[in-house]
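Structure data follow from my_file_36.tsv (TSV, C-alpha atoms):
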chain	number	residue	atom	x	y	z
A	6	MET	CA	13.98	1.69	-38.16
A	7	SER	CA	11.87	-1.17	-36.83
A	8	THR	CA	8.39	-0.45	-35.53
A	9	LEU	CA	9.52	-1.10	-31.94
A	10	SER	CA	12.53	1.22	-32.25
A	11	LEU	CA	10.35	3.93	-33.77
A	12	ALA	CA	7.79	3.58	-31.01
A	13	LEU	CA	10.43	3.78	-28.28
A	14	ARG	CA	12.13	6.79	-29.85
A	15	ASP	CA	8.92	8.74	-30.38
A	16	SER	CA	7.52	7.81	-26.97
A	17	SER	CA	10.67	9.10	-25.26
A	18	THR	CA	10.38	12.33	-27.25
A	19	MET	CA	6.75	12.78	-26.19
A	20	LEU	CA	7.69	11.98	-22.60
A	21	ARG	CA	10.31	14.76	-22.63
A	22	ARG	CA	7.74	17.10	-24.12
A	23	ASN	CA	5.22	16.42	-21.35
A	24	LEU	CA	7.82	16.70	-18.60
A	25	LEU	CA	8.92	20.06	-20.02
A	26	HIS	CA	5.31	21.25	-20.00
A	27	ALA	CA	4.97	20.18	-16.36
A	28	ARG	CA	8.16	22.06	-15.47
A	29	ARG	CA	7.18	25.23	-17.31
A	30	TYR	CA	3.61	25.26	-15.97
A	31	PRO	CA	3.88	23.84	-12.43
A	32	SER	CA	0.81	25.64	-11.08
A	33	LEU	CA	-1.62	22.89	-12.16
A	34	THR	CA	0.41	20.13	-10.52
A	35	LEU	CA	0.95	22.19	-7.37
A	36	ASN	CA	-2.74	23.05	-7.05
A	37	LEU	CA	-3.73	19.39	-7.36
A	38	LEU	CA	-0.99	18.33	-4.96
A	39	LEU	CA	-2.04	20.83	-2.30
A	40	THR	CA	-5.43	19.13	-1.88
A	41	PRO	CA	-4.16	15.90	-0.24
A	42	VAL	CA	-1.51	17.80	1.75
A	43	MET	CA	-4.10	20.21	3.15
A	44	LEU	CA	-6.48	17.34	3.93
A	45	LEU	CA	-3.66	15.52	5.71
A	46	LEU	CA	-2.85	18.52	7.89
A	47	LEU	CA	-6.53	19.32	8.47
A	48	PHE	CA	-7.53	15.84	9.58
A	49	VAL	CA	-4.43	15.33	11.71
A	50	TYR	CA	-4.29	18.65	13.55
A	51	VAL	CA	-7.97	19.67	13.60
A	52	PHE	CA	-9.84	16.35	13.74
A	53	GLY	CA	-7.04	14.00	14.78
A	54	ASP	CA	-7.84	13.58	18.47
A	55	VAL	CA	-11.57	13.19	17.92
A	56	MET	CA	-11.16	10.76	15.03
A	57	SER	CA	-8.58	8.65	16.88
A	58	THR	CA	-10.95	8.39	19.85
A	59	GLY	CA	-13.77	7.22	17.63
A	60	ILE	CA	-11.59	4.66	15.85
A	61	GLY	CA	-9.38	3.42	18.67
A	62	GLY	CA	-11.76	3.51	21.61
A	63	HIS	CA	-11.41	5.56	24.77
A	64	ASN	CA	-7.85	6.87	24.56
A	65	ALA	CA	-7.16	9.57	21.99
A	66	ASP	CA	-3.84	9.00	20.22
A	67	ARG	CA	-3.24	11.21	17.23
A	68	SER	CA	-0.37	9.03	15.99
A	69	ASP	CA	-2.78	6.11	15.52
A	70	TYR	CA	-5.01	8.21	13.29
A	71	ILE	CA	-2.01	9.47	11.29
A	72	ALA	CA	-1.10	5.84	10.60
A	73	TYR	CA	-4.68	5.09	9.56
A	74	LEU	CA	-5.01	8.20	7.39
A	75	VAL	CA	-1.79	8.22	5.36
A	76	PRO	CA	-2.42	5.20	3.06
A	77	GLY	CA	-5.71	6.71	1.89
A	78	LEU	CA	-4.14	10.13	1.34
A	79	LEU	CA	-1.35	8.58	-0.76
A	80	LEU	CA	-3.91	7.05	-3.11
A	81	MET	CA	-5.92	10.26	-3.11
A	82	THR	CA	-2.72	12.04	-4.22
A	83	ILE	CA	-2.60	9.76	-7.24
A	84	GLY	CA	-6.23	10.51	-8.08
A	85	SER	CA	-5.75	14.27	-7.84
A	86	THR	CA	-2.55	14.23	-9.90
A	87	THR	CA	-4.18	12.36	-12.77
A	88	ILE	CA	-6.70	15.20	-13.17
A	89	GLY	CA	-3.79	17.16	-14.61
A	90	THR	CA	-3.36	14.40	-17.19
A	91	ALA	CA	-6.97	14.75	-18.35
A	92	VAL	CA	-6.52	18.51	-18.66
A	93	SER	CA	-3.23	18.15	-20.55
A	94	VAL	CA	-4.65	15.62	-23.02
A	95	SER	CA	-7.72	17.80	-23.62
A	96	MET	CA	-5.53	20.83	-24.30
A	97	ASP	CA	-3.51	18.85	-26.84
A	98	MET	CA	-6.68	17.68	-28.59
A	99	THR	CA	-8.34	21.11	-28.75
A	100	GLU	CA	-5.39	23.39	-29.45
A	101	GLY	CA	-4.33	21.78	-32.73
A	102	ILE	CA	-1.07	20.06	-31.85
A	103	ILE	CA	-2.58	16.59	-32.30
A	104	ALA	CA	-3.68	17.51	-35.82
A	105	ARG	CA	-0.06	18.48	-36.50
A	106	PHE	CA	1.24	15.22	-35.04
A	107	ARG	CA	-1.10	13.25	-37.32
A	108	THR	CA	0.65	14.69	-40.38
A	109	MET	CA	4.13	13.79	-39.12
A	110	ALA	CA	6.00	10.51	-39.51
A	111	ILE	CA	5.80	9.54	-35.85
A	112	HIS	CA	4.44	6.48	-34.12
A	113	ARG	CA	0.79	7.27	-33.47
A	114	GLY	CA	0.61	5.65	-30.05
A	115	SER	CA	3.63	7.56	-28.76
A	116	VAL	CA	1.52	10.67	-28.08
A	117	LEU	CA	-0.62	8.91	-25.49
A	118	THR	CA	2.29	6.85	-24.18
A	119	GLY	CA	4.21	10.04	-23.44
A	120	HIS	CA	1.25	11.40	-21.48
A	121	VAL	CA	0.83	8.18	-19.49
A	122	ILE	CA	4.49	7.70	-18.56
A	123	GLY	CA	4.85	11.38	-17.70
A	124	SER	CA	1.77	11.24	-15.48
A	125	VAL	CA	3.00	8.10	-13.71
A	126	LEU	CA	6.34	9.77	-12.95
A	127	GLN	CA	4.63	12.92	-11.66
A	128	SER	CA	2.26	10.87	-9.50
A	129	VAL	CA	5.12	8.90	-7.96
A	130	MET	CA	6.98	12.11	-7.16
A	131	SER	CA	3.78	13.57	-5.66
A	132	VAL	CA	3.30	10.48	-3.50
A	133	VAL	CA	6.89	10.77	-2.29
A	134	LEU	CA	6.31	14.42	-1.35
A	135	VAL	CA	3.06	13.72	0.51
A	136	GLY	CA	4.73	10.76	2.20
A	137	ALA	CA	7.57	13.02	3.32
A	138	VAL	CA	5.06	15.45	4.84
A	139	ALA	CA	3.37	12.51	6.59
A	140	VAL	CA	6.68	11.33	8.05
A	141	ALA	CA	7.47	14.87	9.18
A	142	ILE	CA	4.24	15.02	11.21
A	143	GLY	CA	4.65	11.60	12.77
A	144	PHE	CA	3.78	8.75	10.38
A	145	ARG	CA	5.89	5.61	10.95
A	146	SER	CA	5.86	2.19	9.30
A	147	THR	CA	8.32	0.23	11.41
A	148	ASP	CA	6.73	-3.22	11.00
A	149	ALA	CA	6.81	-3.36	7.18
A	150	THR	CA	9.44	-5.63	5.66
A	151	ALA	CA	11.44	-4.84	2.52
A	152	LEU	CA	9.17	-7.16	0.53
A	153	GLU	CA	6.07	-5.37	1.83
A	154	TRP	CA	7.55	-1.99	0.93
A	155	LEU	CA	8.26	-3.30	-2.57
A	156	ALA	CA	4.71	-4.62	-2.86
A	157	ALA	CA	3.33	-1.27	-1.67
A	158	LEU	CA	5.36	0.55	-4.32
A	159	GLY	CA	4.14	-1.86	-6.99
A	160	LEU	CA	0.53	-1.30	-5.93
A	161	LEU	CA	0.96	2.48	-6.08
A	162	VAL	CA	2.47	2.32	-9.57
A	163	LEU	CA	-0.18	-0.10	-10.84
A	164	PHE	CA	-2.98	2.04	-9.39
A	165	THR	CA	-1.43	5.13	-10.97
A	166	LEU	CA	-1.25	3.44	-14.35
A	167	ALA	CA	-4.91	2.41	-14.17
A	168	LEU	CA	-6.20	5.85	-13.19
A	169	THR	CA	-3.94	7.55	-15.74
A	170	TRP	CA	-5.43	5.61	-18.66
A	171	ILE	CA	-8.93	6.48	-17.43
A	172	ALA	CA	-7.88	10.13	-17.16
A	173	VAL	CA	-6.50	10.05	-20.72
A	174	GLY	CA	-9.86	8.80	-21.97
A	175	MET	CA	-11.64	11.57	-20.08
A	176	GLY	CA	-9.34	14.14	-21.63
A	177	LEU	CA	-9.98	12.79	-25.13
A	178	ILE	CA	-13.76	13.11	-24.85
A	179	SER	CA	-13.71	16.57	-23.28
A	180	PRO	CA	-14.30	19.62	-25.50
A	181	ASN	CA	-12.00	21.84	-23.43
A	182	ALA	CA	-9.72	21.85	-20.39
A	183	GLU	CA	-12.46	22.96	-18.00
A	184	ALA	CA	-14.69	20.07	-19.03
A	185	ALA	CA	-11.76	17.66	-18.66
A	186	SER	CA	-11.17	18.86	-15.11
A	187	ASN	CA	-14.86	18.41	-14.28
A	188	ASN	CA	-15.05	14.97	-15.90
A	189	ALA	CA	-12.07	13.80	-13.86
A	190	MET	CA	-13.45	15.00	-10.51
A	191	PRO	CA	-14.44	11.43	-9.45
A	192	MET	CA	-10.69	10.82	-9.05
A	193	ILE	CA	-10.86	13.09	-5.98
A	194	LEU	CA	-14.45	12.42	-4.88
A	195	LEU	CA	-14.21	8.61	-4.72
A	196	PRO	CA	-11.45	8.62	-2.04
A	197	LEU	CA	-13.68	10.85	0.09
A	198	LEU	CA	-16.37	8.16	-0.12
A	199	SER	CA	-14.00	5.29	0.74
A	200	SER	CA	-12.33	3.95	3.87
A	201	ALA	CA	-9.61	6.60	3.63
A	202	PHE	CA	-10.80	8.66	6.60
A	203	VAL	CA	-13.00	6.33	8.68
A	204	PRO	CA	-13.58	2.55	8.73
A	205	ILE	CA	-16.49	1.28	6.68
A	206	ASP	CA	-18.05	-0.24	9.81
A	207	ALA	CA	-18.41	3.27	11.26
A	208	MET	CA	-20.50	4.47	8.30
A	209	PRO	CA	-24.31	4.33	8.06
A	210	GLY	CA	-25.52	0.97	6.81
A	211	TRP	CA	-27.07	2.36	3.63
A	212	PHE	CA	-23.78	4.07	2.73
A	213	GLN	CA	-21.42	1.16	3.35
A	214	PRO	CA	-21.89	-0.46	-0.11
A	215	VAL	CA	-20.93	2.86	-1.75
A	216	ALA	CA	-17.65	2.88	0.17
A	217	GLU	CA	-16.96	-0.83	-0.21
A	218	TYR	CA	-17.69	-1.51	-3.87
A	219	GLN	CA	-15.32	0.94	-5.55
A	220	PRO	CA	-11.65	0.81	-6.57
A	221	PHE	CA	-10.17	3.02	-3.86
A	222	THR	CA	-11.29	1.07	-0.78
A	223	PRO	CA	-9.60	-2.30	-1.55
A	224	ALA	CA	-6.46	-0.48	-2.70
A	225	ILE	CA	-6.40	1.59	0.50
A	226	GLU	CA	-6.94	-1.46	2.72
A	227	THR	CA	-4.20	-3.37	0.88
A	228	LEU	CA	-1.73	-0.50	1.18
A	229	ARG	CA	-2.68	-0.05	4.84
A	230	GLY	CA	-2.06	-3.74	5.48
A	231	LEU	CA	1.33	-3.67	3.74
A	232	LEU	CA	2.56	-0.58	5.60
A	233	LEU	CA	0.98	-1.15	9.01
A	234	GLY	CA	0.63	-4.91	9.27
A	235	THR	CA	-3.18	-4.93	9.41
A	236	GLU	CA	-5.22	-7.70	7.84
A	237	ILE	CA	-5.52	-7.51	4.05
A	238	GLY	CA	-7.81	-10.46	3.39
A	239	HIS	CA	-9.43	-10.47	-0.03
A	240	ASN	CA	-8.68	-6.77	-0.59
A	241	GLY	CA	-5.32	-7.55	-2.21
A	242	TRP	CA	-6.89	-9.54	-5.05
A	243	LEU	CA	-9.71	-7.03	-5.40
A	244	ALA	CA	-7.21	-4.15	-5.67
A	245	ILE	CA	-5.21	-5.94	-8.38
A	246	ALA	CA	-8.40	-6.84	-10.26
A	247	TRP	CA	-9.62	-3.22	-10.13
A	248	CYS	CA	-6.25	-1.93	-11.33
A	249	LEU	CA	-5.95	-4.36	-14.23
A	250	GLY	CA	-9.58	-3.90	-15.24
A	251	LEU	CA	-9.40	-0.10	-15.20
A	252	ALA	CA	-6.05	-0.10	-17.01
A	253	VAL	CA	-7.34	-2.32	-19.83
A	254	LEU	CA	-10.63	-0.43	-20.06
A	255	GLY	CA	-8.87	2.94	-20.06
A	256	TYR	CA	-6.35	1.84	-22.68
A	257	LEU	CA	-8.97	0.44	-25.07
A	258	TRP	CA	-11.20	3.49	-24.56
A	259	SER	CA	-8.36	5.94	-25.11
A	260	ALA	CA	-6.97	4.12	-28.13
A	261	SER	CA	-10.35	3.96	-29.83
A	262	LYS	CA	-11.02	7.66	-29.26
A	263	PHE	CA	-7.54	8.75	-30.31
A	264	ASN	CA	-7.41	6.61	-33.45
A	265	ARG	CA	-10.81	7.76	-34.61
A	266	ASP	CA	-10.51	10.07	-37.60
A	267	PRO	CA	-11.31	13.70	-36.72
A	268	GLU	CA	-14.68	14.93	-37.92
Translate the structure of the given file into structure tokens.
Amino acid sequence: MSTLSLALRDSSTMLRRNLLHARRYPSLTLNLLLTPVMLLLLFVYVFGDVMSTGIGGHNADRSDYIAYLVPGLLLMTIGSTTIGTAVSVSMDMTEGIIARFRTMAIHRGSVLTGHVIGSVLQSVMSVVLVGAVAVAIGFRSTDATALEWLAALGLLVLFTLALTWIAVGMGLISPNAEAASNNAMPMILLPLLSSAFVPIDAMPGWFQPVAEYQPFTPAIETLRGLLLGTEIGHNGWLAIAWCLGLAVLGYLWSASKFNRDPE
């Protein structure tokens, strides 16, 4: 078999393996998925009227805040789902299966490729589920064209790919699953420090750079603009640059750690 055929065959095998693990042990995915769903319900039904008044002016309209909130929660869903990738990779590295794979005639990169593709598929399904919950409680995107919906989907997939490669690297450097989960916590913390819940202009001046100069905020503003018709400005290019930069960095980092001979 050619190198490409071998890589495709082994990557598909590793993808099936990871999807089977996710199906047999759904508790990790469900626990990570519940975080954005609970935040969505909490901010809409507990804080919704107050937040919409602060953002929109005098008249409280919960539907306006739902529209503002959902794009950020969709990206937060991606961040929380990729924590499971870091844990899964760490478990493979520490429980001996990787040592077994190294002795087999399989394409070496297929192990990580299977993790990445599996994580992207799980993240997309998680985003669809959270989006369905958002629609059920009142989210609407009536002004978005088919092209804007396609661009929004592309942004979500690209963002997922970038965070997944970073999560793989975190899993490779972690000595155990607990450490991998802790190392990947910025995937959930950064959205909390972004424009996901309130506009940057409403934050204290000293805190605004923290919210502005990070990967989640331009991605959230771009997704919000695509779905709701708000101004995107330079956020679109910044979001793409962040995604490509993180994806390349995560890939190179992960490949170097994985290909390093075990001590």
Contacts between segment 42-52 of chain A and segment 134-169 of chain A, please, where a residue of segment 134-169 of chain A counts if it comes within 10 Å (with all atoms listed in the file); show its shortest atom pair and distance in Å to one decimal, rows by chain and ascending number, as CSV.
residue,atom,partner,partner_atom,distance
A:Leu134,CA,A:Val42,CA,9.1
A:Val135,CA,A:Val42,CA,6.3
A:Gly136,CA,A:Val42,CA,9.4
A:Val138,CA,A:Val42,CA,7.6
A:Ala139,CA,A:Leu45,CA,7.7
A:Ile142,CA,A:Leu46,CA,8.6
A:Gly143,CA,A:Val49,CA,9.9
Taken to one decimal, the atom CA of Leu228 of chain A-atom CA of Trp154 of chain A distance is 9.4 Å
Could you check the closest approach to Ser186 of chain A for each of A:Thr40, A:Val92, A:Trp242, A:Arg22 and tell me which residue wins, using all atoms listed in the file?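 For Ser186 of chain A, the nearest of the given residues is A:Val92.
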Write out as number ranges by chain each polymer residue whose atoms come within 12 Å of Val94 of chain A, counting all atoms listed in the file; drop sequence neighbours fewer than 4 positions from it. A: 23, 26, 87-90, 98-103, 116-121, 123-124, 169-186, 189, 259, 262-263
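A straight line drawn from atom CA of Glu236 of chain A to atom CA of Ser85 of chain A is 27.0 Å long.
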Calculated over all atoms listed in the file, which of the candidates A:Gln127, A:Ser16, A:Ser10, A:Gln213 has the smallest distance to Thr82 of chain A?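 For Thr82 of chain A, the nearest of the candidates is A:Gln127.
With distances taken over all atoms listed in the file, A:Ile225 is the one residue among A:Leu126, A:Ala104, A:Ile225, A:Met19 lying closest to Leu78 of chain A.
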Give me, as a ChimeraX atom specification, all polymer residues having an atom no more than 12 Å from Leu233 of chain A, counting all atoms listed in the file and skipping those fewer than 5 positions away in the same chain. /A:69-76,144-150,153-154,157,225-228
Point-to-point distance in Å for atom CA of Asn188 of chain A and atom CA of Val253 of chain A: 19.3 Å
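With distances restricted to all atoms listed in the file, A:Val129 is the closest residue to Ile83 of chain A from A:Val55, A:Leu20, A:Val129, A:Cys248.
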Proximity to Pro223 of chain A - best of A:Leu152, A:Ile111, A:Ile245, A:Ala207, all atoms listed in the file: A:Ile245
Residue neighbourhood Phe164 of chain A, 10 Å, all atoms listed in the file, exclusion window fewer than 2 positions, as JSON, numbers by chain: {"A": [80, 83, 84, 125, 158, 159, 160, 161, 162, 166, 167, 168, 169, 220, 221, 224, 244, 245, 247, 248, 249, 251, 252]}
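Across A:Ala91, A:Val132, A:Leu197, A:Met192, the tightest approach to Leu39 of chain A is made by A:Val132 when counting only C-alpha atoms.
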Residue completion, segment 16-27 of chain A, all heavy atoms, as a PDB file, in the frame of the given file:
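Heads up, here's the output in result.pdb:
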ATOM      1  N   SER A  16       8.114   7.746 -28.308  1.00  0.00           N
ATOM      2  CA  SER A  16       7.520   7.810 -26.970  1.00  0.00           C
ATOM      3  C   SER A  16       8.427   8.575 -26.017  1.00  0.00           C
ATOM      4  O   SER A  16       7.948   9.358 -25.189  1.00  0.00           O
ATOM      5  CB  SER A  16       7.282   6.390 -26.436  1.00  0.00           C
ATOM      6  OG  SER A  16       6.306   5.719 -27.219  1.00  0.00           O
ATOM      7  N   SER A  17       9.744   8.354 -26.126  1.00  0.00           N
ATOM      8  CA  SER A  17      10.670   9.100 -25.260  1.00  0.00           C
ATOM      9  C   SER A  17      10.645  10.587 -25.585  1.00  0.00           C
ATOM     10  O   SER A  17      10.742  11.439 -24.690  1.00  0.00           O
ATOM     11  CB  SER A  17      12.087   8.541 -25.405  1.00  0.00           C
ATOM     12  OG  SER A  17      12.578   8.712 -26.731  1.00  0.00           O
ATOM     13  N   THR A  18      10.474  10.917 -26.865  1.00  0.00           N
ATOM     14  CA  THR A  18      10.380  12.330 -27.250  1.00  0.00           C
ATOM     15  C   THR A  18       9.118  12.964 -26.662  1.00  0.00           C
ATOM     16  O   THR A  18       9.160  14.077 -26.119  1.00  0.00           O
ATOM     17  CB  THR A  18      10.354  12.460 -28.783  1.00  0.00           C
ATOM     18  OG1 THR A  18      11.558  11.903 -29.324  1.00  0.00           O
ATOM     19  CG2 THR A  18      10.254  13.919 -29.199  1.00  0.00           C
ATOM     20  N   MET A  19       7.992  12.257 -26.756  1.00  0.00           N
ATOM     21  CA  MET A  19       6.750  12.780 -26.190  1.00  0.00           C
ATOM     22  C   MET A  19       6.813  12.858 -24.673  1.00  0.00           C
ATOM     23  O   MET A  19       6.236  13.767 -24.064  1.00  0.00           O
ATOM     24  CB  MET A  19       5.572  11.909 -26.631  1.00  0.00           C
ATOM     25  CG  MET A  19       5.280  11.980 -28.116  1.00  0.00           C
ATOM     26  SD  MET A  19       4.848  13.664 -28.631  1.00  0.00           S
ATOM     27  CE  MET A  19       4.896  13.495 -30.421  1.00  0.00           C
ATOM     28  N   LEU A  20       7.521  11.923 -24.052  1.00  0.00           N
ATOM     29  CA  LEU A  20       7.690  11.980 -22.600  1.00  0.00           C
ATOM     30  C   LEU A  20       8.460  13.231 -22.201  1.00  0.00           C
ATOM     31  O   LEU A  20       8.070  13.941 -21.260  1.00  0.00           O
ATOM     32  CB  LEU A  20       8.424  10.730 -22.108  1.00  0.00           C
ATOM     33  CG  LEU A  20       8.852  10.733 -20.635  1.00  0.00           C
ATOM     34  CD1 LEU A  20       7.646  10.878 -19.717  1.00  0.00           C
ATOM     35  CD2 LEU A  20       9.630   9.469 -20.312  1.00  0.00           C
ATOM     36  N   ARG A  21       9.548  13.540 -22.921  1.00  0.00           N
ATOM     37  CA  ARG A  21      10.310  14.760 -22.630  1.00  0.00           C
ATOM     38  C   ARG A  21       9.453  15.992 -22.829  1.00  0.00           C
ATOM     39  O   ARG A  21       9.519  16.951 -22.053  1.00  0.00           O
ATOM     40  CB  ARG A  21      11.561  14.837 -23.516  1.00  0.00           C
ATOM     41  CG  ARG A  21      12.629  13.827 -23.160  1.00  0.00           C
ATOM     42  CD  ARG A  21      13.967  14.208 -23.779  1.00  0.00           C
ATOM     43  NE  ARG A  21      13.884  14.260 -25.233  1.00  0.00           N
ATOM     44  CZ  ARG A  21      14.090  13.209 -26.029  1.00  0.00           C
ATOM     45  NH1 ARG A  21      14.381  12.020 -25.506  1.00  0.00           N
ATOM     46  NH2 ARG A  21      14.005  13.323 -27.337  1.00  0.00           N
ATOM     47  N   ARG A  22       8.627  15.969 -23.859  1.00  0.00           N
ATOM     48  CA  ARG A  22       7.740  17.100 -24.120  1.00  0.00           C
ATOM     49  C   ARG A  22       6.789  17.334 -22.947  1.00  0.00           C
ATOM     50  O   ARG A  22       6.609  18.476 -22.487  1.00  0.00           O
ATOM     51  CB  ARG A  22       6.940  16.853 -25.398  1.00  0.00           C
ATOM     52  CG  ARG A  22       5.801  17.833 -25.643  1.00  0.00           C
ATOM     53  CD  ARG A  22       5.042  17.499 -26.914  1.00  0.00           C
ATOM     54  NE  ARG A  22       3.898  18.394 -27.053  1.00  0.00           N
ATOM     55  CZ  ARG A  22       2.682  18.114 -26.623  1.00  0.00           C
ATOM     56  NH1 ARG A  22       2.431  16.955 -26.022  1.00  0.00           N
ATOM     57  NH2 ARG A  22       1.701  18.980 -26.789  1.00  0.00           N
ATOM     58  N   ASN A  23       6.178  16.270 -22.441  1.00  0.00           N
ATOM     59  CA  ASN A  23       5.220  16.420 -21.350  1.00  0.00           C
ATOM     60  C   ASN A  23       5.900  16.817 -20.042  1.00  0.00           C
ATOM     61  O   ASN A  23       5.340  17.587 -19.260  1.00  0.00           O
ATOM     62  CB  ASN A  23       4.437  15.121 -21.168  1.00  0.00           C
ATOM     63  CG  ASN A  23       3.411  14.901 -22.269  1.00  0.00           C
ATOM     64  OD1 ASN A  23       2.388  15.560 -22.316  1.00  0.00           O
ATOM     65  ND2 ASN A  23       3.696  13.983 -23.165  1.00  0.00           N
ATOM     66  N   LEU A  24       7.099  16.314 -19.804  1.00  0.00           N
ATOM     67  CA  LEU A  24       7.820  16.700 -18.600  1.00  0.00           C
ATOM     68  C   LEU A  24       8.238  18.172 -18.658  1.00  0.00           C
ATOM     69  O   LEU A  24       8.238  18.877 -17.643  1.00  0.00           O
ATOM     70  CB  LEU A  24       9.049  15.807 -18.397  1.00  0.00           C
ATOM     71  CG  LEU A  24       8.738  14.341 -18.054  1.00  0.00           C
ATOM     72  CD1 LEU A  24      10.027  13.555 -17.913  1.00  0.00           C
ATOM     73  CD2 LEU A  24       7.909  14.246 -16.779  1.00  0.00           C
ATOM     74  N   LEU A  25       8.598  18.646 -19.866  1.00  0.00           N
ATOM     75  CA  LEU A  25       8.920  20.060 -20.020  1.00  0.00           C
ATOM     76  C   LEU A  25       7.704  20.936 -19.775  1.00  0.00           C
ATOM     77  O   LEU A  25       7.801  22.002 -19.156  1.00  0.00           O
ATOM     78  CB  LEU A  25       9.491  20.315 -21.425  1.00  0.00           C
ATOM     79  CG  LEU A  25      10.933  19.875 -21.665  1.00  0.00           C
ATOM     80  CD1 LEU A  25      11.303  20.044 -23.133  1.00  0.00           C
ATOM     81  CD2 LEU A  25      11.901  20.676 -20.793  1.00  0.00           C
ATOM     82  N   HIS A  26       6.538  20.495 -20.256  1.00  0.00           N
ATOM     83  CA  HIS A  26       5.310  21.250 -20.000  1.00  0.00           C
ATOM     84  C   HIS A  26       5.025  21.320 -18.500  1.00  0.00           C
ATOM     85  O   HIS A  26       4.625  22.373 -17.979  1.00  0.00           O
ATOM     86  CB  HIS A  26       4.134  20.580 -20.710  1.00  0.00           C
ATOM     87  CG  HIS A  26       4.048  20.928 -22.163  1.00  0.00           C
ATOM     88  ND1 HIS A  26       2.980  20.591 -22.950  1.00  0.00           N
ATOM     89  CD2 HIS A  26       4.903  21.592 -22.981  1.00  0.00           C
ATOM     90  CE1 HIS A  26       3.166  21.031 -24.189  1.00  0.00           C
ATOM     91  NE2 HIS A  26       4.333  21.626 -24.229  1.00  0.00           N
ATOM     92  N   ALA A  27       5.215  20.193 -17.807  1.00  0.00           N
ATOM     93  CA  ALA A  27       4.970  20.180 -16.360  1.00  0.00           C
ATOM     94  C   ALA A  27       5.938  21.105 -15.630  1.00  0.00           C
ATOM     95  O   ALA A  27       5.569  21.748 -14.641  1.00  0.00           O
ATOM     96  CB  ALA A  27       5.096  18.754 -15.830  1.00  0.00           C
TER      97      ALA A  27
END
